[in-house]
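Asker: This is target.pdb (PDB, C-alpha atoms and all ligand atoms).
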```
ATOM      1  CA  MET A   1     -29.906   0.906 -20.924
ATOM      2  CA  THR A   2     -28.973   4.185 -19.235
ATOM      3  CA  SER A   3     -25.944   4.346 -17.010
ATOM      4  CA  ALA A   4     -26.250   3.740 -13.302
ATOM      5  CA  GLY A   5     -24.481   3.676  -9.988
ATOM      6  CA  ARG A   6     -25.399   1.463  -7.070
ATOM      7  CA  PHE A   7     -25.189   0.556  -3.418
ATOM      8  CA  ALA A   8     -25.062  -3.154  -2.668
ATOM      9  CA  PRO A   9     -25.267  -4.031   1.025
ATOM     10  CA  SER A  10     -25.116  -7.531   2.510
ATOM     11  CA  PRO A  11     -28.150  -8.027   4.731
ATOM     12  CA  SER A  12     -26.107  -9.503   7.552
ATOM     13  CA  GLY A  13     -27.241  -6.959  10.120
ATOM     14  CA  GLU A  14     -27.898  -3.252  10.507
ATOM     15  CA  LEU A  15     -25.940  -0.705   8.510
ATOM     16  CA  HIS A  16     -23.553   1.365  10.612
ATOM     17  CA  VAL A  17     -22.458   4.930  10.001
ATOM     18  CA  GLY A  18     -19.537   3.739   7.866
ATOM     19  CA  ASN A  19     -21.908   1.887   5.521
ATOM     20  CA  LEU A  20     -24.224   4.909   5.429
ATOM     21  CA  ARG A  21     -21.334   7.223   4.560
ATOM     22  CA  THR A  22     -20.340   4.974   1.649
ATOM     23  CA  ALA A  23     -23.979   4.816   0.518
ATOM     24  CA  ILE A  24     -24.220   8.615   0.596
ATOM     25  CA  LEU A  25     -21.065   8.870  -1.503
ATOM     26  CA  ALA A  26     -22.356   6.313  -4.005
ATOM     27  CA  TRP A  27     -25.604   8.281  -4.281
ATOM     28  CA  LEU A  28     -23.772  11.613  -4.697
ATOM     29  CA  PHE A  29     -21.435  10.230  -7.363
ATOM     30  CA  ALA A  30     -24.314   8.685  -9.328
ATOM     31  CA  ARG A  31     -26.730  11.605  -9.083
ATOM     32  CA  SER A  32     -24.077  14.249  -9.771
ATOM     33  CA  THR A  33     -23.230  12.500 -13.043
ATOM     34  CA  GLY A  34     -26.836  12.047 -14.176
ATOM     35  CA  ARG A  35     -26.878   8.345 -13.435
ATOM     36  CA  ARG A  36     -29.696   6.245 -12.106
ATOM     37  CA  PHE A  37     -29.089   4.850  -8.614
ATOM     38  CA  LEU A  38     -29.862   1.193  -7.930
ATOM     39  CA  LEU A  39     -29.948  -0.915  -4.790
ATOM     40  CA  ARG A  40     -28.865  -4.522  -4.831
ATOM     41  CA  VAL A  41     -29.098  -6.820  -1.838
ATOM     42  CA  GLU A  42     -26.102  -9.152  -1.774
ATOM     43  CA  ASP A  43     -27.800 -11.980   0.065
ATOM     44  CA  LEU A  44     -25.957 -15.018  -1.314
ATOM     45  CA  ASP A  45     -24.272 -15.468   2.021
ATOM     46  CA  ARG A  46     -24.794 -14.431   5.620
ATOM     47  CA  ALA A  47     -28.300 -13.026   5.082
ATOM     48  CA  ARG A  48     -30.189 -12.405   8.308
ATOM     49  CA  ALA A  49     -33.973 -12.402   8.376
ATOM     50  CA  GLY A  50     -35.401  -8.895   8.570
ATOM     51  CA  ALA A  51     -32.076  -7.131   8.024
ATOM     52  CA  GLU A  52     -32.892  -5.983   4.505
ATOM     53  CA  ALA A  53     -36.018  -4.077   5.539
ATOM     54  CA  VAL A  54     -34.109  -2.294   8.313
ATOM     55  CA  GLN A  55     -31.281  -1.401   5.932
ATOM     56  CA  LEU A  56     -33.667   0.087   3.356
ATOM     57  CA  ARG A  57     -35.431   2.061   6.066
ATOM     58  CA  ASP A  58     -32.117   3.486   7.315
ATOM     59  CA  LEU A  59     -30.983   4.424   3.805
ATOM     60  CA  ALA A  60     -34.269   6.271   3.267
ATOM     61  CA  ALA A  61     -33.900   7.946   6.666
ATOM     62  CA  VAL A  62     -30.649   9.650   5.645
ATOM     63  CA  GLY A  63     -32.240  10.808   2.385
ATOM     64  CA  ILE A  64     -31.138   8.179  -0.108
ATOM     65  CA  THR A  65     -33.536   7.556  -2.969
ATOM     66  CA  TRP A  66     -33.261   4.768  -5.515
ATOM     67  CA  ASP A  67     -34.683   3.855  -8.884
ATOM     68  CA  GLY A  68     -36.674   0.759  -9.719
ATOM     69  CA  GLU A  69     -37.030  -2.416  -7.743
ATOM     70  CA  VAL A  70     -34.433  -3.627  -5.279
ATOM     71  CA  VAL A  71     -32.608  -6.606  -6.804
ATOM     72  CA  ARG A  72     -31.666  -9.628  -4.691
ATOM     73  CA  GLN A  73     -28.778 -11.876  -5.666
ATOM     74  CA  THR A  74     -30.585 -15.006  -4.501
ATOM     75  CA  SER A  75     -33.058 -14.472  -7.367
ATOM     76  CA  ARG A  76     -30.314 -14.443 -10.007
ATOM     77  CA  GLY A  77     -28.920 -17.969  -9.920
ATOM     78  CA  PRO A  78     -29.618 -18.607 -13.629
ATOM     79  CA  ILE A  79     -27.607 -15.607 -14.880
ATOM     80  CA  TYR A  80     -24.620 -16.596 -12.720
ATOM     81  CA  ALA A  81     -24.830 -20.164 -14.022
ATOM     82  CA  GLU A  82     -24.976 -18.855 -17.588
ATOM     83  CA  ALA A  83     -21.781 -16.819 -17.066
ATOM     84  CA  ILE A  84     -19.963 -19.771 -15.506
ATOM     85  CA  ASN A  85     -21.105 -21.983 -18.387
ATOM     86  CA  ARG A  86     -19.688 -19.505 -20.886
ATOM     87  CA  LEU A  87     -16.331 -19.523 -19.112
ATOM     88  CA  GLN A  88     -16.427 -23.305 -18.860
ATOM     89  CA  ALA A  89     -17.149 -23.642 -22.585
ATOM     90  CA  ALA A  90     -14.152 -21.413 -23.313
ATOM     91  CA  GLY A  91     -11.873 -23.660 -21.226
ATOM     92  CA  LEU A  92     -11.446 -20.938 -18.587
ATOM     93  CA  THR A  93     -12.495 -22.921 -15.512
ATOM     94  CA  TYR A  94     -11.492 -26.023 -13.594
ATOM     95  CA  GLU A  95     -12.739 -28.034 -10.657
ATOM     96  CA  CYS A  96     -10.990 -27.597  -7.315
ATOM     97  CA  PHE A  97     -11.304 -30.045  -4.438
ATOM     98  CA  CYS A  98      -8.979 -28.350  -1.953
ATOM     99  CA  THR A  99     -10.057 -27.624   1.580
ATOM    100  CA  ARG A 100      -9.136 -24.290   3.086
ATOM    101  CA  ARG A 101      -6.519 -26.051   5.158
ATOM    102  CA  GLU A 102      -4.961 -27.789   2.162
ATOM    103  CA  ILE A 103      -4.635 -24.438   0.418
ATOM    104  CA  GLN A 104      -2.975 -22.883   3.479
ATOM    105  CA  GLU A 105      -0.539 -25.757   3.798
ATOM    106  CA  ALA A 106       0.310 -26.142   0.104
ATOM    107  CA  PRO A 107       3.707 -24.863  -0.918
ATOM    108  CA  SER A 108       3.072 -21.737  -2.956
ATOM    109  CA  ALA A 109       4.527 -21.342  -6.412
ATOM    110  CA  PRO A 110       7.727 -19.296  -6.619
ATOM    111  CA  HIS A 111       6.977 -15.555  -6.620
ATOM    112  CA  ALA A 112       3.293 -16.285  -5.986
ATOM    113  CA  PRO A 113       1.664 -13.451  -4.079
ATOM    114  CA  GLN A 114       0.474 -13.932  -0.507
ATOM    115  CA  GLY A 115      -2.877 -15.680  -0.340
ATOM    116  CA  ALA A 116      -2.974 -16.668  -4.012
ATOM    117  CA  TYR A 117      -4.358 -20.106  -4.798
ATOM    118  CA  PRO A 118      -1.334 -22.383  -5.405
ATOM    119  CA  GLY A 119      -2.864 -24.116  -8.434
ATOM    120  CA  THR A 120      -3.057 -27.581  -6.876
ATOM    121  CA  CYS A 121      -6.032 -28.718  -8.978
ATOM    122  CA  ARG A 122      -5.188 -26.805 -12.169
ATOM    123  CA  ASN A 123      -3.890 -29.774 -14.130
ATOM    124  CA  LEU A 124      -5.404 -32.922 -12.629
ATOM    125  CA  ASP A 125      -5.348 -35.906 -14.974
ATOM    126  CA  ARG A 126      -8.437 -37.970 -15.684
ATOM    127  CA  ALA A 127      -7.781 -40.561 -12.957
ATOM    128  CA  GLU A 128      -7.062 -37.934 -10.287
ATOM    129  CA  LEU A 129     -10.171 -36.036 -11.299
ATOM    130  CA  ASP A 130     -12.356 -39.147 -11.106
ATOM    131  CA  TYR A 131     -10.953 -40.040  -7.716
ATOM    132  CA  LYS A 132     -11.343 -36.542  -6.268
ATOM    133  CA  ARG A 133     -14.883 -36.242  -7.612
ATOM    134  CA  SER A 134     -15.759 -39.335  -5.614
ATOM    135  CA  THR A 135     -14.415 -37.804  -2.398
ATOM    136  CA  ARG A 136     -16.012 -34.376  -2.201
ATOM    137  CA  PRO A 137     -17.916 -31.751  -4.203
ATOM    138  CA  ALA A 138     -15.836 -29.432  -6.369
ATOM    139  CA  ALA A 139     -15.561 -25.681  -6.344
ATOM    140  CA  ILE A 140     -15.217 -24.045  -9.762
ATOM    141  CA  ARG A 141     -12.139 -21.866 -10.220
ATOM    142  CA  LEU A 142     -11.179 -19.462 -12.955
ATOM    143  CA  ARG A 143      -8.200 -20.552 -15.064
ATOM    144  CA  ALA A 144      -6.509 -17.140 -15.081
ATOM    145  CA  ASP A 145      -3.758 -16.553 -17.597
ATOM    146  CA  VAL A 146      -2.430 -13.408 -15.905
ATOM    147  CA  ASP A 147      -0.854 -12.871 -12.474
ATOM    148  CA  ASP A 148      -2.089  -9.334 -12.050
ATOM    149  CA  TYR A 149      -4.342  -6.802 -13.704
ATOM    150  CA  THR A 150      -4.550  -3.032 -13.709
ATOM    151  CA  VAL A 151      -7.614  -0.884 -13.094
ATOM    152  CA  GLN A 152      -8.266   2.839 -13.006
ATOM    153  CA  ASP A 153      -9.839   4.321  -9.906
ATOM    154  CA  VAL A 154     -11.104   7.861  -9.406
ATOM    155  CA  MET A 155      -9.640   8.060  -5.888
ATOM    156  CA  HIS A 156      -6.574   5.834  -6.259
ATOM    157  CA  GLY A 157      -5.516   6.382  -9.868
ATOM    158  CA  THR A 158      -3.857   3.396 -11.537
ATOM    159  CA  PHE A 159      -4.018   0.298  -9.334
ATOM    160  CA  THR A 160      -2.463  -3.064 -10.122
ATOM    161  CA  GLY A 161      -3.391  -6.085  -8.045
ATOM    162  CA  VAL A 162      -3.199  -9.857  -7.875
ATOM    163  CA  VAL A 163      -5.283 -12.097 -10.096
ATOM    164  CA  ASP A 164      -5.090 -15.762  -9.146
ATOM    165  CA  ASP A 165      -7.306 -18.725 -10.012
ATOM    166  CA  PHE A 166     -10.053 -17.412  -7.776
ATOM    167  CA  VAL A 167     -13.281 -19.276  -6.987
ATOM    168  CA  LEU A 168     -16.348 -18.661  -9.176
ATOM    169  CA  ARG A 169     -18.669 -21.144  -7.464
ATOM    170  CA  ARG A 170     -18.041 -22.528  -4.017
ATOM    171  CA  ASN A 171     -18.206 -26.257  -3.388
ATOM    172  CA  ASP A 172     -21.503 -25.756  -1.530
ATOM    173  CA  GLY A 173     -22.982 -24.464  -4.803
ATOM    174  CA  VAL A 174     -23.072 -20.796  -3.765
ATOM    175  CA  THR A 175     -21.900 -18.335  -6.429
ATOM    176  CA  ALA A 176     -18.746 -16.538  -5.310
ATOM    177  CA  TYR A 177     -18.848 -12.793  -4.718
ATOM    178  CA  ASN A 178     -16.372 -11.896  -7.454
ATOM    179  CA  LEU A 179     -18.457 -13.614 -10.135
ATOM    180  CA  ALA A 180     -21.832 -12.381  -8.881
ATOM    181  CA  VAL A 181     -20.776  -8.762  -8.590
ATOM    182  CA  VAL A 182     -19.391  -8.632 -12.137
ATOM    183  CA  VAL A 183     -22.419 -10.328 -13.682
ATOM    184  CA  ASP A 184     -24.905  -8.245 -11.690
ATOM    185  CA  ASP A 185     -23.273  -4.912 -12.448
ATOM    186  CA  ALA A 186     -23.335  -5.731 -16.157
ATOM    187  CA  ALA A 187     -26.921  -7.018 -16.118
ATOM    188  CA  GLN A 188     -28.114  -3.891 -14.313
ATOM    189  CA  GLY A 189     -26.258  -1.485 -16.600
ATOM    190  CA  ILE A 190     -24.076  -0.282 -13.746
ATOM    191  CA  ASP A 191     -21.099   1.622 -15.113
ATOM    192  CA  GLN A 192     -19.969   3.324 -11.900
ATOM    193  CA  VAL A 193     -18.986   1.374  -8.781
ATOM    194  CA  VAL A 194     -18.547   3.420  -5.606
ATOM    195  CA  ARG A 195     -17.683   1.314  -2.547
ATOM    196  CA  GLY A 196     -15.335   1.035   0.416
ATOM    197  CA  ASP A 197     -11.643   0.881  -0.385
ATOM    198  CA  ASP A 198     -11.305  -2.419   1.487
ATOM    199  CA  LEU A 199     -12.614  -3.876  -1.798
ATOM    200  CA  LEU A 200      -9.917  -2.282  -3.956
ATOM    201  CA  PRO A 201      -7.546  -5.304  -3.714
ATOM    202  CA  SER A 202     -10.163  -7.651  -5.262
ATOM    203  CA  THR A 203     -11.076  -5.187  -8.015
ATOM    204  CA  PRO A 204      -8.395  -6.343 -10.492
ATOM    205  CA  ARG A 205      -9.856  -9.866 -10.271
ATOM    206  CA  GLN A 206     -13.310  -8.507 -11.097
ATOM    207  CA  ALA A 207     -12.099  -6.306 -13.955
ATOM    208  CA  TYR A 208     -10.144  -9.216 -15.424
ATOM    209  CA  LEU A 209     -13.199 -11.456 -15.173
ATOM    210  CA  ALA A 210     -15.297  -8.764 -16.869
ATOM    211  CA  SER A 211     -12.798  -8.676 -19.729
ATOM    212  CA  LEU A 212     -13.111 -12.458 -20.171
ATOM    213  CA  LEU A 213     -16.905 -12.143 -20.284
ATOM    214  CA  ASN A 214     -16.724  -9.216 -22.745
ATOM    215  CA  ILE A 215     -18.321  -6.986 -20.148
ATOM    216  CA  PRO A 216     -17.288  -3.313 -20.043
ATOM    217  CA  VAL A 217     -15.327  -2.453 -16.899
ATOM    218  CA  PRO A 218     -17.175   0.160 -14.806
ATOM    219  CA  GLU A 219     -15.702   3.369 -13.441
ATOM    220  CA  TYR A 220     -14.332   2.534  -9.997
ATOM    221  CA  VAL A 221     -14.423   4.885  -7.020
ATOM    222  CA  HIS A 222     -13.025   3.284  -3.860
ATOM    223  CA  VAL A 223     -13.706   5.569  -0.940
ATOM    224  CA  PRO A 224     -12.030   5.636   2.481
ATOM    225  CA  LEU A 225     -13.610   3.712   5.322
ATOM    226  CA  VAL A 226     -14.766   4.937   8.694
ATOM    227  CA  VAL A 227     -12.557   3.637  11.497
ATOM    228  CA  ASN A 228     -12.682   3.592  15.287
ATOM    229  CA  ARG A 229     -10.220   5.428  17.518
ATOM    230  CA  ASP A 230      -7.751   2.569  17.181
ATOM    231  CA  GLY A 231      -7.752   2.997  13.407
ATOM    232  CA  VAL A 232      -9.651  -0.261  12.913
ATOM    233  CA  ARG A 233     -12.563  -0.481  10.501
ATOM    234  CA  LEU A 234     -15.731   0.510  12.357
ATOM    235  CA  ALA A 235     -17.894  -2.349  13.640
ATOM    236  CA  LYS A 236     -20.946  -2.840  15.816
ATOM    237  CA  ARG A 237     -18.836  -3.338  18.925
ATOM    238  CA  ASP A 238     -17.662   0.280  18.650
ATOM    239  CA  GLY A 239     -20.700   1.553  20.532
ATOM    240  CA  ALA A 240     -23.687   3.432  19.107
ATOM    241  CA  VAL A 241     -22.930   3.242  15.379
ATOM    242  CA  THR A 242     -26.343   2.426  13.871
ATOM    243  CA  LEU A 243     -29.279   4.786  13.408
ATOM    244  CA  ALA A 244     -31.279   2.693  15.876
ATOM    245  CA  ASP A 245     -28.609   2.916  18.586
ATOM    246  CA  LEU A 246     -28.031   6.598  17.933
ATOM    247  CA  GLY A 247     -31.775   7.222  17.947
ATOM    248  CA  GLN A 248     -31.945   5.713  21.427
ATOM    249  CA  ALA A 249     -29.229   8.135  22.459
ATOM    250  CA  GLY A 250     -31.336  11.036  21.199
ATOM    251  CA  VAL A 251     -29.555  11.598  17.868
ATOM    252  CA  THR A 252     -31.718  12.007  14.746
ATOM    253  CA  ALA A 253     -31.032  10.575  11.291
ATOM    254  CA  ARG A 254     -30.744  14.139   9.997
ATOM    255  CA  GLU A 255     -28.002  14.893  12.526
ATOM    256  CA  VAL A 256     -26.155  11.736  11.512
ATOM    257  CA  ARG A 257     -26.426  12.677   7.838
ATOM    258  CA  ASN A 258     -25.128  16.188   8.559
ATOM    259  CA  LEU A 259     -22.112  14.850  10.440
ATOM    260  CA  LEU A 260     -21.348  12.379   7.650
ATOM    261  CA  LEU A 261     -21.581  15.143   5.035
ATOM    262  CA  GLU A 262     -19.309  17.408   7.084
ATOM    263  CA  SER A 263     -16.797  14.560   7.417
ATOM    264  CA  LEU A 264     -16.627  14.606   3.615
ATOM    265  CA  GLY A 265     -16.045  18.356   3.490
ATOM    266  CA  LEU A 266     -19.600  18.872   2.240
ATOM    267  CA  PRO A 267     -22.207  21.275   3.637
ATOM    268  CA  ALA A 268     -24.745  19.939   6.118
ATOM    269  CA  GLY A 269     -28.243  19.803   4.693
ATOM    270  CA  THR A 270     -30.121  17.641   2.252
ATOM    271  CA  LEU A 271     -28.294  15.288  -0.098
ATOM    272  CA  ASP A 272     -29.575  17.399  -2.994
ATOM    273  CA  GLN A 273     -27.817  20.407  -1.533
ATOM    274  CA  ALA A 274     -24.609  18.406  -1.094
ATOM    275  CA  LEU A 275     -24.843  17.290  -4.723
ATOM    276  CA  HIS A 276     -23.789  20.686  -5.988
ATOM    277  CA  ALA A 277     -20.789  20.801  -3.656
ATOM    278  CA  LEU A 278     -19.377  17.382  -4.562
ATOM    279  CA  ASP A 279     -15.911  17.590  -6.087
ATOM    280  CA  PRO A 280     -14.168  14.200  -6.210
ATOM    281  CA  ALA A 281     -10.754  15.896  -6.203
ATOM    282  CA  GLN A 282     -11.559  17.531  -2.844
ATOM    283  CA  LEU A 283     -12.826  14.433  -1.030
ATOM    284  CA  PRO A 284     -10.720  13.157   1.872
ATOM    285  CA  ARG A 285      -8.310  10.351   0.938
ATOM    286  CA  GLU A 286      -7.797   9.145   4.497
ATOM    287  CA  PRO A 287     -10.051   7.023   6.711
ATOM    288  CA  TRP A 288     -12.332   9.042   8.953
ATOM    289  CA  VAL A 289     -12.229   8.403  12.678
ATOM    290  CA  TRP A 290     -15.759   8.099  14.032
ATOM    291  CA  PRO A 291     -16.027  10.640  16.866
ATOM    292  CA  GLY A 292     -19.211   9.188  18.393
ATOM    293  CA  MET A 293     -22.459  11.129  18.796
ATOM    294  CA  GLU A 294     -23.970   9.839  21.999
ATOM    295  CA  ARG A 295     -25.333  12.509  24.235
ATOM    296  CA  PRO A 296     -24.886  12.298  27.981
ATOM    297  CA  PRO A 297     -28.231  11.401  29.558
ATOM    298  CA  ALA A 298     -30.229  14.455  30.613
ATOM    299  CA  GLY A 299     -30.399  15.443  34.275
TER
HETATM  300 ZN    ZN A 301      -7.774 -27.311  -5.505
END
```
Would you kindly transcribe this structure into structure tokens?
Answerer:
Amino acid sequence: MTSAGRFAPSPSGELHVGNLRTAILAWLFARSTGRRFLLRVEDLDRARAGAEAVQLRDLAAVGITWDGEVVRQTSRGPIYAEAINRLQAAGLTYECFCTRREIQEAPSAPHAPQGAYPGTCRNLDRAELDYKRSTRPAAIRLRADVDDYTVQDVMHGTFTGVVDDFVLRRNDGVTAYNLAVVVDDAAQGIDQVVRGDDLLPSTPRQAYLASLLNIPVPEYVHVPLVVNRDGVRLAKRDGAVTLADLGQAGVTAREVRNLLLESLGLPAGTLDQALHALDPAQLPREPWVWPGMERPPAG
């Protein structure tokens, strides 16, 4: 299998300019290194009817091309189950019956990092397990034997982050993001992961999981987000931030693409033209404040 990069949106609504900027970067990184570029729809959770088609249309509108069929996570249940079974067979999982509230209220282990699972269900005896199984469905957690893990990132260099006994399958049966993303990237031959740097903190968990599954760890490139004027990650409530909204305000997809390229220090024009100007060392390291593009109504 040849190497590949990817963009993997959740079809929970329309893409905004921050998502499009990350997609453009993922495309530029993949194409400039001779990789294929794949699209994966991460629809295990929060999928909204019709959103996928609109997202694909908007990606195409800013010039993004992709190879092969779009893959949907909801069609991949068996390969996630197979990975969880392998971990289970190796003694690397356990059942967890905790509610969110119980986890919040549990005393955390000494020196445990903020937000880490406190290990309540790690060593239940047979009787406790039988009782808890009769009360509610179990989530499946990873039995991690490290507290942290280190990854290499093109933008951030060496990054060490928390690894706790994170969830692999939720108690409603839905595969957890960290498991799905690792299994999917491997199955699709993806060896370069370009995505927003809000996902950097969970990357050590994914790289550690990959190591347990004997999956090669991809090259990571965590790129800065687009933020609003308050420095908060851009969201729909920040005005006209989707191609549809901007289109209504008289702004074309080409104009949006040019502004996004310029925000990256790249020349306005086609993505192919920007390809030759991409130099990872020169990319901005800071979040970009969305300036808005609405035009005042004519007349
Ligand atoms: Zn538990």
Asker: Residues up to 7 Å from ligand ZN 301 (chain A), counting all atoms listed in the file: could you list those as a list in words?
Answerer: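 Final answer, ordered by chain and number: Cys96, Phe97, Cys98, Gly119, Thr120 and Cys121 of chain A.
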Asker: On this structure, which residues satisfy the PyMOL selection byres (((chain A and resi 207-218) around 6) and not hetatm), written as JSON, numbers by chain?
Answerer: {"A": [191, 192, 204, 205, 206, 219]}
Asker: Using the chain letters and numbering of this document, enumerate as a list of chain:residue names the residues selected by the PyMOL selection byres (((chain A and resi 270) around 10) and not hetatm).
Answerer: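 Evaluating the PyMOL selection byres (((chain A and resi 270) around 10) and not hetatm) on this file yields A:Val62, A:Gly63, A:Ile64, A:Arg254, A:Arg257, A:Asn258, A:Leu261, A:Pro267, A:Ala268, A:Gly269, A:Leu271, A:Asp272, A:Gln273, A:Ala274, A:Leu275.
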Asker: Could you turn the residues from that selection into a file that holds C-alpha atoms, as a compact mmCIF listing (two decimals), keeping the file's coordinate frame?
Answerer:
```
# COMPACT_ATOMS: atom_id res chain seq x y z
CA VAL A 62 -30.65 9.65 5.64
CA GLY A 63 -32.24 10.81 2.38
CA ILE A 64 -31.14 8.18 -0.11
CA ARG A 254 -30.74 14.14 10.00
CA ARG A 257 -26.43 12.68 7.84
CA ASN A 258 -25.13 16.19 8.56
CA LEU A 261 -21.58 15.14 5.04
CA PRO A 267 -22.21 21.28 3.64
CA ALA A 268 -24.74 19.94 6.12
CA GLY A 269 -28.24 19.80 4.69
CA LEU A 271 -28.29 15.29 -0.10
CA ASP A 272 -29.58 17.40 -2.99
CA GLN A 273 -27.82 20.41 -1.53
CA ALA A 274 -24.61 18.41 -1.09
CA LEU A 275 -24.84 17.29 -4.72
```
Asker: Output as CSV one row per residue of segment 171-222 of chain A within 12 Å of segment 40-49 of chain A: the closest atom pair and its distance in Å to one decimal place, counting all atoms listed in the file, sorted by chain and residue number ascending.
Answerer:
```
residue,atom,partner,partner_atom,distance
A:Asp172,CA,A:Asp45,CA,11.2
A:Gly173,CA,A:Leu44,CA,10.5
A:Val174,CA,A:Leu44,CA,6.9
A:Thr175,CA,A:Leu44,CA,7.3
A:Ala176,CA,A:Leu44,CA,8.4
A:Tyr177,CA,A:Leu44,CA,8.2
A:Asn178,CA,A:Glu42,CA,11.6
A:Leu179,CA,A:Leu44,CA,11.7
A:Ala180,CA,A:Glu42,CA,8.9
A:Val181,CA,A:Glu42,CA,8.7
A:Asp184,CA,A:Arg40,CA,8.8
A:Asp185,CA,A:Arg40,CA,9.5
A:Ala187,CA,A:Arg40,CA,11.7
A:Gln188,CA,A:Arg40,CA,9.5
A:Ile190,CA,A:Arg40,CA,11.0
```
Asker: Once you add 4 Å to each side, what are the centre and edge lengths of the axis-aligned box holding all listed atoms of segment 31-40 of chain A? One decimal in Å, as AutoDock Vina command-line options, if you can.
Answerer:
```
--center_x -26.6 --center_y 4.9 --center_z -9.5 --size_x 14.7 --size_y 26.8 --size_z 17.4
```
Asker: Figure out the distance between atom CA of Ala138 of chain A and atom CA of Arg86 of chain A, please, to one decimal in Å.
Answerer: 18.0 Å
Asker: Measuring between all atoms listed in the file, which one of A:Tyr80, A:Val241, A:Glu95, A:Thr160 shows the shortest distance to Arg126 of chain A?
Answerer: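 Going through A:Tyr80, A:Val241, A:Glu95, A:Thr160 one by one, the smallest distance to Arg126 of chain A is for A:Glu95.
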Asker: So what does the PyMOL selection byres (((chain A and resi 196) around 10) and not hetatm) actually pick up in this one, as number ranges by chain?
Answerer: A: 18-19, 21-23, 25-26, 193-195, 197-200, 221-226
Asker: Pick the closest to Val54 of chain A from A:Thr135, A:Thr99, A:Thr74, A:Thr242: which is it, counting only C-alpha atoms?
Answerer: A:Thr242
Asker: Residues within 9 Å of Asp145 of chain A, please, as a list in words. Count only C-alpha atoms; anything in the same chain fewer than 5 positions from it doesn't count.
Answerer: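 In the requested format, the answer is Leu92, Val163, Asp164 and Asp165 of chain A.
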Asker: Within 10 Å of Asp238 of chain A, counting only C-alpha atoms, which residues qualify if same-chain residues fewer than 6 places away don't, as an MDAnalysis selection string?
Answerer: chainID A and resid 227:229 232 290 292
Asker: Using only C-alpha atoms, can you tell me which of A:Val182, A:Leu266, A:Ala116, A:Lys132 comes closest to Phe166 of chain A?
Answerer: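 Of the candidates, the smallest distance to Phe166 of chain A is held by A:Ala116.
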Asker: For a test of reading the model, state the distance in Å between atom CA of Arg36 of chain A and atom CA of Val17 of chain A, rounded to one decimal.
Answerer: 23.3 Å
